[in-house]
Amino acid sequence: MEQRLFLCADLGTSSLKAALIDNSGRLFGFARVHYAGSDIWLDAFYRAVEQLALSLPPLSAGLTPVSAVCISGSGPTLVPVCGDNPDTVESLMPVYWYDPVPEIADAPPINKNITSLFLPKLQNYLLNNVEKINTIKYFFSSQEWLSWKLGARPVTVIPHNGYIPYYWDGDQCGALNINKEWFPIFVTMGEVIGTLNAALNKDSPASKLLAPGVPIVAGAADFIMALIGTGTLKPGMVCDRTGSSEGINLCVESDPGSRQGKLRILPHAVAGLWNTGAIIPKSGTLFDEYRAAIGQEEKPHNELTKEIFGTKNHPGMAVLETMAGNFINALDTIEQLGFAIKELTLSGGQCGDPLWNQYKADVSGRVLNVPEIIHAELAGGAILCEAAISGKSLQETAAKMVRIKEIYTPA
């Protein structure tokens, strides 16, 4: 099989993660660059590429240059931009997905028929920033903005047409008095949406990886990319996205119908299937808060858990028990709809800790699989790139590229 190497990046809340992954699913390099705002997302991308290039063996050793680039990002975040030229355009502060929504006394009530995940917050943003409305040309999601700056055409990336009601349409824009022309045309994730136009310094190590003309493949929101990157693409498959928060996502054949309580029901990454998700808002955050409280912010997750598990009556055990209890409650919430969850594929920072993985498996009674690439959004980008080039389905491509490294079985 011809080797192809893909550069995948994911824009998180506070950092950009990037990786070099080949079309067999092997990780060749990983970099993380921290930032504070969209104005340096592009700079963070190039710094990450530089780090990756410096960490690699010489290309003459057999590693191929990058065949495609794919960007994903946290959603639903929107970036207002004030013109057509990506090289000179002014980008306003993003409307982040986590931003609190300030109340406006005379704001119109939200129509109950609104299904968009973006428009209600955007309506509030516009009401609070009336003076900026006439300057806005586009609203991009974070990954679309960065792809556009790199050379892609202006687009809105969706998994498939079943997601249009959850983004925007004419009826919803009209109901909220939002200009639909602000939103670029819809394209489906995995499409080639342009080629890299930024010429790197020819003397830079990064220029050996990236060059003008490399295809840019449309990446989706991080949630969708994690489903792809864990191979959670067939009914009955489940993934656990861990990090500051945590999300259990089950792939099902039809809409479960219940949108009450803690469940998030959305179309799946694969058209015709559905995702049933249970969100744990504070997961890794609980552990980070505990580390800060005892002055151990810099201590790695696995070192502190080893200390906790190895010390009788350690006060940190209460934190781990709470986190595990929340995990079990999320599983139970999904199973109340009539689904049985016996096995999950993990992703995210938490699953790099073997002791914690085994503890979660033991107390939950579930089998936990850890893939070689734990940053599933990046793995998902590589799978999209390979599917785009090979012409094969996501399911077939993911089955080849998602490589399970460790399996944790309940004791």
# chains A, B, ... in the order shown; residues from 1 in each chain; ligands from 1
>>> select_by_dssp(residues="region 239-311 of chain A", states="alpha helix (DSSP H)", output="MDAnalysis selection string")
chainID A and resid 284:293 301:310
>>> residues_around(residues="Ile341 (chain A)", least_positions_apart="5", cutoff="10 Å", atoms="only C-alpha atoms", output="list in words")
Gly236, Met237, Val238, Leu250, Leu331, Asp332, Ile334, Glu335, Gly365, Arg366 and Val367 of chain A
>>> closest_residue(among="A:Ala269, A:Leu52, A:Ile404, A:Leu126", to="Pro159 (chain A)", atoms="only C-alpha atoms")
A:Ala269
>>> residues_around(residues="Pro184 (chain A)", least_positions_apart="5", cutoff="10 Å", atoms="only C-alpha atoms", output="list in words")
Lys137, Tyr138, Phe139, Phe140, Glu144, Arg153, Pro154, Val155, Thr156 and Val157 of chain A
>>> closest_residue(among="A:Ser245, A:Asn313, A:Thr232, A:Asn369", to="Asn357 (chain A)", atoms="only C-alpha atoms")
A:Asn369
>>> residues_around(residues="Gly349 (chain A)", least_positions_apart="3", cutoff="7 Å", atoms="only C-alpha atoms", output="count of residues only")
3
>>> select_by_dssp(residues="region 92-259 of chain A", states="strand (DSSP E)", output="VMD selection string")
chain A and resid 138 to 140 156 to 158 186 to 188 192 to 195 215 to 217 238 to 242 246 to 252
>>> closest_residue(among="A:Gly348, A:Pro94, A:Pro215, A:Pro410", to="Ser364 (chain A)", atoms="only C-alpha atoms")
A:Pro410
>>> closest_residue(among="A:Pro76, A:Pro371, A:Gly325, A:Gly381", to="Trp168 (chain A)", atoms="only C-alpha atoms")
A:Pro76
>>> residues_around(residues="Ala398 (chain A)", least_positions_apart="6", cutoff="10 Å", atoms="only C-alpha atoms", output="number ranges by chain")
A: 23-25, 228-233, 379-380, 382-384, 386-387, 392
>>> closest_residue(among="A:Gln123, A:Ser142, A:Ser14, A:Gln51", to="Gly75 (chain A)", atoms="only C-alpha atoms")
A:Ser142
>>> closest_residue(among="A:Cys70, A:Cys82, A:Val130, A:Ala361", to="Ala218 (chain A)", atoms="only C-alpha atoms")
A:Cys70
>>> residues_around(residues="region 300-311 of chain A", least_positions_apart="4", cutoff="9 Å", atoms="only C-alpha atoms", output="list in words")
Phe287, Asp288, Arg291, Gln296, Pro315, Gly316, Met317, Leu320, Gln350, Gly352, Asp353, Pro354, Leu355 and Trp356 of chain A
>>> residues_around(residues="Ser204 (chain A)", least_positions_apart="3", cutoff="12 Å", atoms="only C-alpha atoms", output="PyMOL selection string")
chain A and resi 46-47+49-54+199-201+207-211
>>> decode(residues="region 335-383 of chain A", atoms="N, CA and C atoms", output="PDB file, in the first residue's frame")
ATOM      1  N   GLU A 335     -28.531   3.867  29.027  1.00  0.00           N
ATOM      2  CA  GLU A 335     -29.120   2.527  29.051  1.00  0.00           C
ATOM      3  C   GLU A 335     -30.597   2.539  29.426  1.00  0.00           C
ATOM      4  N   GLN A 336     -31.046   3.620  30.072  1.00  0.00           N
ATOM      5  CA  GLN A 336     -32.473   3.729  30.408  1.00  0.00           C
ATOM      6  C   GLN A 336     -33.349   3.798  29.161  1.00  0.00           C
ATOM      7  N   LEU A 337     -32.749   4.118  28.006  1.00  0.00           N
ATOM      8  CA  LEU A 337     -33.503   4.132  26.751  1.00  0.00           C
ATOM      9  C   LEU A 337     -33.602   2.748  26.134  1.00  0.00           C
ATOM     10  N   GLY A 338     -33.015   1.753  26.809  1.00  0.00           N
ATOM     11  CA  GLY A 338     -33.115   0.385  26.319  1.00  0.00           C
ATOM     12  C   GLY A 338     -31.869  -0.121  25.618  1.00  0.00           C
ATOM     13  N   PHE A 339     -30.752   0.597  25.735  1.00  0.00           N
ATOM     14  CA  PHE A 339     -29.510   0.184  25.094  1.00  0.00           C
ATOM     15  C   PHE A 339     -28.569  -0.414  26.142  1.00  0.00           C
ATOM     16  N   ALA A 340     -27.868  -1.468  25.773  1.00  0.00           N
ATOM     17  CA  ALA A 340     -26.878  -2.073  26.657  1.00  0.00           C
ATOM     18  C   ALA A 340     -25.483  -1.676  26.198  1.00  0.00           C
ATOM     19  N   ILE A 341     -24.691  -1.166  27.121  1.00  0.00           N
ATOM     20  CA  ILE A 341     -23.327  -0.747  26.805  1.00  0.00           C
ATOM     21  C   ILE A 341     -22.358  -1.682  27.518  1.00  0.00           C
ATOM     22  N   LYS A 342     -21.630  -2.458  26.736  1.00  0.00           N
ATOM     23  CA  LYS A 342     -20.686  -3.418  27.310  1.00  0.00           C
ATOM     24  C   LYS A 342     -19.237  -3.043  27.038  1.00  0.00           C
ATOM     25  N   GLU A 343     -19.012  -2.208  26.031  1.00  0.00           N
ATOM     26  CA  GLU A 343     -17.659  -1.915  25.589  1.00  0.00           C
ATOM     27  C   GLU A 343     -17.590  -0.501  25.040  1.00  0.00           C
ATOM     28  N   LEU A 344     -16.511   0.222  25.344  1.00  0.00           N
ATOM     29  CA  LEU A 344     -16.332   1.586  24.869  1.00  0.00           C
ATOM     30  C   LEU A 344     -14.911   1.772  24.357  1.00  0.00           C
ATOM     31  N   THR A 345     -14.753   2.655  23.371  1.00  0.00           N
ATOM     32  CA  THR A 345     -13.433   3.071  22.911  1.00  0.00           C
ATOM     33  C   THR A 345     -13.157   4.458  23.470  1.00  0.00           C
ATOM     34  N   LEU A 346     -12.011   4.629  24.101  1.00  0.00           N
ATOM     35  CA  LEU A 346     -11.690   5.882  24.779  1.00  0.00           C
ATOM     36  C   LEU A 346     -10.930   6.835  23.862  1.00  0.00           C
ATOM     37  N   SER A 347     -11.004   8.113  24.202  1.00  0.00           N
ATOM     38  CA  SER A 347     -10.167   9.120  23.551  1.00  0.00           C
ATOM     39  C   SER A 347      -9.932  10.249  24.541  1.00  0.00           C
ATOM     40  N   GLY A 348      -8.938  11.072  24.257  1.00  0.00           N
ATOM     41  CA  GLY A 348      -8.679  12.228  25.111  1.00  0.00           C
ATOM     42  C   GLY A 348      -7.584  11.978  26.133  1.00  0.00           C
ATOM     43  N   GLY A 349      -7.221  13.060  26.820  1.00  0.00           N
ATOM     44  CA  GLY A 349      -6.077  13.027  27.721  1.00  0.00           C
ATOM     45  C   GLY A 349      -6.172  12.039  28.856  1.00  0.00           C
ATOM     46  N   GLN A 350      -7.369  11.840  29.413  1.00  0.00           N
ATOM     47  CA  GLN A 350      -7.485  10.951  30.571  1.00  0.00           C
ATOM     48  C   GLN A 350      -7.078   9.519  30.254  1.00  0.00           C
ATOM     49  N   CYS A 351      -7.325   9.081  29.018  1.00  0.00           N
ATOM     50  CA  CYS A 351      -7.097   7.664  28.729  1.00  0.00           C
ATOM     51  C   CYS A 351      -5.626   7.329  28.535  1.00  0.00           C
ATOM     52  N   GLY A 352      -4.734   8.299  28.762  1.00  0.00           N
ATOM     53  CA  GLY A 352      -3.308   8.010  28.777  1.00  0.00           C
ATOM     54  C   GLY A 352      -2.825   7.501  30.118  1.00  0.00           C
ATOM     55  N   ASP A 353      -3.754   7.321  31.076  1.00  0.00           N
ATOM     56  CA  ASP A 353      -3.405   6.877  32.428  1.00  0.00           C
ATOM     57  C   ASP A 353      -3.904   5.443  32.635  1.00  0.00           C
ATOM     58  N   PRO A 354      -3.010   4.433  32.601  1.00  0.00           N
ATOM     59  CA  PRO A 354      -3.442   3.034  32.699  1.00  0.00           C
ATOM     60  C   PRO A 354      -4.181   2.698  33.991  1.00  0.00           C
ATOM     61  N   LEU A 355      -3.711   3.220  35.124  1.00  0.00           N
ATOM     62  CA  LEU A 355      -4.372   2.913  36.395  1.00  0.00           C
ATOM     63  C   LEU A 355      -5.796   3.443  36.420  1.00  0.00           C
ATOM     64  N   TRP A 356      -5.996   4.633  35.885  1.00  0.00           N
ATOM     65  CA  TRP A 356      -7.333   5.213  35.852  1.00  0.00           C
ATOM     66  C   TRP A 356      -8.242   4.446  34.903  1.00  0.00           C
ATOM     67  N   ASN A 357      -7.705   4.043  33.769  1.00  0.00           N
ATOM     68  CA  ASN A 357      -8.494   3.243  32.833  1.00  0.00           C
ATOM     69  C   ASN A 357      -8.959   1.934  33.473  1.00  0.00           C
ATOM     70  N   GLN A 358      -8.034   1.253  34.168  1.00  0.00           N
ATOM     71  CA  GLN A 358      -8.396  -0.026  34.784  1.00  0.00           C
ATOM     72  C   GLN A 358      -9.432   0.169  35.885  1.00  0.00           C
ATOM     73  N   TYR A 359      -9.295   1.249  36.644  1.00  0.00           N
ATOM     74  CA  TYR A 359     -10.263   1.526  37.706  1.00  0.00           C
ATOM     75  C   TYR A 359     -11.657   1.770  37.122  1.00  0.00           C
ATOM     76  N   LYS A 360     -11.728   2.555  36.042  1.00  0.00           N
ATOM     77  CA  LYS A 360     -13.025   2.802  35.398  1.00  0.00           C
ATOM     78  C   LYS A 360     -13.632   1.500  34.868  1.00  0.00           C
ATOM     79  N   ALA A 361     -12.791   0.647  34.310  1.00  0.00           N
ATOM     80  CA  ALA A 361     -13.296  -0.641  33.821  1.00  0.00           C
ATOM     81  C   ALA A 361     -13.815  -1.487  34.976  1.00  0.00           C
ATOM     82  N   ASP A 362     -13.072  -1.519  36.082  1.00  0.00           N
ATOM     83  CA  ASP A 362     -13.459  -2.347  37.232  1.00  0.00           C
ATOM     84  C   ASP A 362     -14.780  -1.895  37.847  1.00  0.00           C
ATOM     85  N   VAL A 363     -14.908  -0.588  38.104  1.00  0.00           N
ATOM     86  CA  VAL A 363     -16.096  -0.117  38.824  1.00  0.00           C
ATOM     87  C   VAL A 363     -17.330  -0.061  37.933  1.00  0.00           C
ATOM     88  N   SER A 364     -17.124   0.055  36.616  1.00  0.00           N
ATOM     89  CA  SER A 364     -18.274   0.142  35.705  1.00  0.00           C
ATOM     90  C   SER A 364     -18.675  -1.217  35.140  1.00  0.00           C
ATOM     91  N   GLY A 365     -17.740  -2.183  35.191  1.00  0.00           N
ATOM     92  CA  GLY A 365     -18.025  -3.488  34.616  1.00  0.00           C
ATOM     93  C   GLY A 365     -18.026  -3.483  33.098  1.00  0.00           C
ATOM     94  N   ARG A 366     -17.372  -2.507  32.489  1.00  0.00           N
ATOM     95  CA  ARG A 366     -17.304  -2.409  31.033  1.00  0.00           C
ATOM     96  C   ARG A 366     -15.869  -2.613  30.545  1.00  0.00           C
ATOM     97  N   VAL A 367     -15.764  -3.111  29.307  1.00  0.00           N
ATOM     98  CA  VAL A 367     -14.469  -3.240  28.648  1.00  0.00           C
ATOM     99  C   VAL A 367     -14.128  -1.896  28.013  1.00  0.00           C
ATOM    100  N   LEU A 368     -12.898  -1.423  28.249  1.00  0.00           N
ATOM    101  CA  LEU A 368     -12.466  -0.134  27.719  1.00  0.00           C
ATOM    102  C   LEU A 368     -11.295  -0.349  26.763  1.00  0.00           C
ATOM    103  N   ASN A 369     -11.437   0.152  25.535  1.00  0.00           N
ATOM    104  CA  ASN A 369     -10.393   0.042  24.515  1.00  0.00           C
ATOM    105  C   ASN A 369      -9.693   1.377  24.342  1.00  0.00           C
ATOM    106  N   VAL A 370      -8.378   1.347  24.320  1.00  0.00           N
ATOM    107  CA  VAL A 370      -7.594   2.571  24.115  1.00  0.00           C
ATOM    108  C   VAL A 370      -6.853   2.457  22.788  1.00  0.00           C
ATOM    109  N   PRO A 371      -7.117   3.354  21.848  1.00  0.00           N
ATOM    110  CA  PRO A 371      -6.426   3.296  20.552  1.00  0.00           C
ATOM    111  C   PRO A 371      -5.005   3.840  20.635  1.00  0.00           C
ATOM    112  N   GLU A 372      -4.212   3.541  19.609  1.00  0.00           N
ATOM    113  CA  GLU A 372      -2.849   4.071  19.555  1.00  0.00           C
ATOM    114  C   GLU A 372      -2.848   5.591  19.553  1.00  0.00           C
ATOM    115  N   ILE A 373      -3.784   6.195  18.835  1.00  0.00           N
ATOM    116  CA  ILE A 373      -3.884   7.662  18.781  1.00  0.00           C
ATOM    117  C   ILE A 373      -5.041   8.068  19.681  1.00  0.00           C
ATOM    118  N   ILE A 374      -4.721   8.604  20.858  1.00  0.00           N
ATOM    119  CA  ILE A 374      -5.776   8.913  21.827  1.00  0.00           C
ATOM    120  C   ILE A 374      -6.467  10.243  21.522  1.00  0.00           C
ATOM    121  N   HIS A 375      -5.853  11.071  20.689  1.00  0.00           N
ATOM    122  CA  HIS A 375      -6.494  12.329  20.296  1.00  0.00           C
ATOM    123  C   HIS A 375      -7.358  12.041  19.070  1.00  0.00           C
ATOM    124  N   ALA A 376      -8.603  11.629  19.330  1.00  0.00           N
ATOM    125  CA  ALA A 376      -9.455  11.082  18.275  1.00  0.00           C
ATOM    126  C   ALA A 376      -9.813  12.108  17.210  1.00  0.00           C
ATOM    127  N   GLU A 377      -9.862  13.400  17.571  1.00  0.00           N
ATOM    128  CA  GLU A 377     -10.166  14.416  16.561  1.00  0.00           C
ATOM    129  C   GLU A 377      -9.102  14.418  15.459  1.00  0.00           C
ATOM    130  N   LEU A 378      -7.844  14.213  15.861  1.00  0.00           N
ATOM    131  CA  LEU A 378      -6.756  14.192  14.891  1.00  0.00           C
ATOM    132  C   LEU A 378      -6.799  12.907  14.061  1.00  0.00           C
ATOM    133  N   ALA A 379      -7.071  11.796  14.719  1.00  0.00           N
ATOM    134  CA  ALA A 379      -7.216  10.535  13.984  1.00  0.00           C
ATOM    135  C   ALA A 379      -8.367  10.630  12.991  1.00  0.00           C
ATOM    136  N   GLY A 380      -9.466  11.298  13.419  1.00  0.00           N
ATOM    137  CA  GLY A 380     -10.604  11.483  12.522  1.00  0.00           C
ATOM    138  C   GLY A 380     -10.243  12.282  11.290  1.00  0.00           C
ATOM    139  N   GLY A 381      -9.375  13.289  11.455  1.00  0.00           N
ATOM    140  CA  GLY A 381      -8.932  14.074  10.314  1.00  0.00           C
ATOM    141  C   GLY A 381      -8.162  13.230   9.315  1.00  0.00           C
ATOM    142  N   ALA A 382      -7.290  12.349   9.830  1.00  0.00           N
ATOM    143  CA  ALA A 382      -6.524  11.485   8.939  1.00  0.00           C
ATOM    144  C   ALA A 382      -7.434  10.512   8.194  1.00  0.00           C
ATOM    145  N   ILE A 383      -8.453  10.012   8.873  1.00  0.00           N
ATOM    146  CA  ILE A 383      -9.398   9.091   8.228  1.00  0.00           C
ATOM    147  C   ILE A 383     -10.166   9.808   7.126  1.00  0.00           C
TER     148      ILE A 383
END
